[in-house]
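What follows is a short report on a single structure.
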Amino acid sequence: MSNNIERSSQEKRTAFVVIFAFCVMIAEVIVGLSSHSMALFADGVHMGSHVLVIGLNWAAYILVRRLKNKGTTHYDTEKILNLSAFTSGILLILMAIFIIVEAVERFTAEREILNYELALITAGIGLVANTISASVLHGHDGTTDYNSHAAYLHVLSDALTEIGAIIGILCAMFWHITWIDSAVAVISALVVLRWAKRLLWDTGRSLTKA
């Protein structure tokens, strides 16, 4: 008779958000590059950052569940979740640096956005996607652990950068102020850096506790 532990509701919600966000990320990166919208491209990369964060979180849930199925008691499940968050924080910093470098290059090249309508539609889809993801992650009972709460807050910050991308596209579309697009991309990168710093600080303290 099998005594396998079933997937928790948090693991199921996390899996859905990872797959859903990954699809949106691909769309935003492709449209951002093809339309020369740096803000939209940056938002796609930012979306990828929370695919990474939540993906690691998902992997941690799977690992914890499998360890419990094996009856293993030698591992601290909370530290496993925090370690996944700490690792994702390091990668988030690298992504933010990449966005800033790309934004500076686009700013100096002064490239025009080619397809405003498509860029706006994709950014709008991204905003809706983040709203849905936040709702799914939060669920009826709220977030149940540190990692899921961090992922929830990260999705909310992504929604804010989506709004910034839309503002940048609109400014270029109506007033031909193209530098705002790159500026918004840099701001979104700074949001990622700030979030990553706090994530590293909090999880680092937890991992070093005896």
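Labels for the structure tokens follow display order: chains A, B, ..., residues from 1 in each chain, ligands from 1.
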
Practice task
Within 12 Å of A:Ala134, counting only C-alpha atoms, which residues show up once you throw out same-chain ones fewer than 5 positions away? Write them as a list in words, please.
Solution key: Arg13, Thr14, Phe16, Val17, Val18, Phe20, Ala21, His50, Ile54, Leu127, Val128, Ala129, Gly139, His140, Gly142, Thr143, Ser148, His149, Ala150, Ala151, Tyr152, Leu153, His154, Val155, Leu156, Ser157, Asp158 and Ala159 of chain A

Handout entry: Non-local contacts of A:Glu105 (12 Å; only C-alpha atoms; under 5 positions in same chain excluded) as a list in words
Key =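 Contacts, in chain order: His36, Met38, Phe98, Ile99, Ile100, Glu110, Arg111, Trp179, Ser182, Ala183, Ala185 and Val186 of chain A.
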
Preceding selection exported with C-alpha atoms as a PDB file, in the first residue's frame:
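Output below, filename part_6.pdb:
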```
ATOM      1  CA  HIS A  36      12.707  47.695 -30.209  1.00  0.00           C
ATOM      2  CA  MET A  38      13.577  48.107 -24.288  1.00  0.00           C
ATOM      3  CA  PHE A  98      22.095  42.610 -17.965  1.00  0.00           C
ATOM      4  CA  ILE A  99      18.958  44.776 -18.280  1.00  0.00           C
ATOM      5  CA  ILE A 100      20.879  47.949 -17.343  1.00  0.00           C
ATOM      6  CA  GLU A 110      18.380  56.025 -30.052  1.00  0.00           C
ATOM      7  CA  ARG A 111      16.382  53.285 -31.751  1.00  0.00           C
ATOM      8  CA  TRP A 179      14.582  57.898 -23.669  1.00  0.00           C
ATOM      9  CA  SER A 182      15.192  53.023 -21.521  1.00  0.00           C
ATOM     10  CA  ALA A 183      14.773  54.921 -18.253  1.00  0.00           C
ATOM     11  CA  ALA A 185      13.957  49.646 -18.109  1.00  0.00           C
ATOM     12  CA  VAL A 186      16.667  50.873 -15.718  1.00  0.00           C
TER      13      VAL A 186
END
```

Exercise for the section: Tell me which of A:Ile19, A:Leu52, A:Ala60, A:Ala96 sits closest to A:Trp195, counting only C-alpha atoms. Expected result: A:Ala96

Handout entry: Exercise: A:Gly164 partners within 9 Å, only C-alpha atoms, chain neighbours under 6 positions left out, as a PyMOL selection string
Key = chain A and resi 39+181+184-185+187-188

Problem - Who sits within 10 Å of A:Ile30, only C-alpha atoms, same chain under 4 positions skipped, as a list of chain:residue names - result: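 Counting only C-alpha atoms, the residues come to A:Met25, A:Ile26, A:Ser34, A:Ser35, A:His36, A:Leu40, A:Phe41, A:Gly44.
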
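Distances here use only C-alpha atoms; by that measure, the residue among A:Ile166, A:Ser9, A:Arg65, A:Leu83 closest to A:Leu118 is A:Ile166.
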
Exercise for the section: Rank nothing, just name the residue among A:Thr131, A:Ser88, A:Thr108, A:Asn82 nearest to A:Asp202, using only C-alpha atoms. Expected result: A:Asn82

Exercise for the section: Identify, with DSSP run on backbone atoms, the residues in stretch 11-153 of chain A assigned to alpha helix (DSSP H), and express the list as an NGL selection string. Expected result: :A and (11-35 or 38-69 or 77-109 or 116-138 or 146-153)

Problem - Which of A:Val192, A:Ala15, A:Cys171, A:Leu81 sits closest to A:Leu137 [using only C-alpha atoms] - result: A:Ala15

Practice task
Between atom CA of A:Ile93 and atom CA of A:Ile163, measure the distance and give it in Å to one decimal.
Solution key: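 One can read the atom CA of A:Ile93 to atom CA of A:Ile163 distance as 21.5 Å.
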
Exercise for the section: Name the residues in contact with A:Gly204 at a cut-off of 12 Å, using only C-alpha atoms, excluding same-chain residues fewer than 5 positions from it; report them as a list of chain:residue names. Expected result: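 Close residues of A:Gly204: A:Lys79, A:Leu81, A:Asn82, A:Leu83, A:Ser84, A:Ala85, A:Phe86, A:Thr87, A:Gly89, A:Ile90, A:Ala196, A:Lys197, A:Arg198, A:Leu199, A:Lys209.
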
Store the residues of this selection in a file with C-alpha atoms, as a short mmCIF file (atom, residue, chain, number, x, y, z; two decimals), in the first residue's frame.
```
data_model
loop_
_atom_site.label_atom_id
_atom_site.label_comp_id
_atom_site.auth_asym_id
_atom_site.auth_seq_id
_atom_site.Cartn_x
_atom_site.Cartn_y
_atom_site.Cartn_z
CA LYS A 79 16.34 25.69 4.96
CA LEU A 81 13.19 26.45 0.68
CA ASN A 82 15.34 29.34 1.87
CA LEU A 83 18.38 28.01 -0.01
CA SER A 84 16.39 28.02 -3.27
CA ALA A 85 15.39 31.63 -2.59
CA PHE A 86 18.99 32.63 -1.79
CA THR A 87 20.24 31.10 -5.05
CA GLY A 89 18.55 36.17 -5.44
CA ILE A 90 22.09 35.87 -6.82
CA ALA A 196 17.24 40.61 -4.65
CA LYS A 197 19.24 42.40 -1.94
CA ARG A 198 16.45 42.02 0.59
CA LEU A 199 15.96 38.38 -0.43
CA LYS A 209 21.14 30.30 12.09
#
```

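Using only C-alpha atoms, the nearest neighbour of A:Asp76 within the list A:Ile97, A:Trp175, A:Leu63, A:Lys12 is A:Leu63.
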
Practice task
Point out the residue among A:Phe107, A:Ser49, A:Val29, A:Thr122 with the least atom-to-atom distance to A:Ile180, counting only C-alpha atoms.
Solution key: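 For A:Ile180, the nearest of the given residues is A:Phe107.
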
Exercise for the section: Would you mind reading off the distance between atom CA of A:Ala189 and atom CA of A:Gly48, one decimal, in Å? Expected result: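 Computing the Euclidean distance for atom CA of A:Ala189 and atom CA of A:Gly48 yields 12.5 Å.
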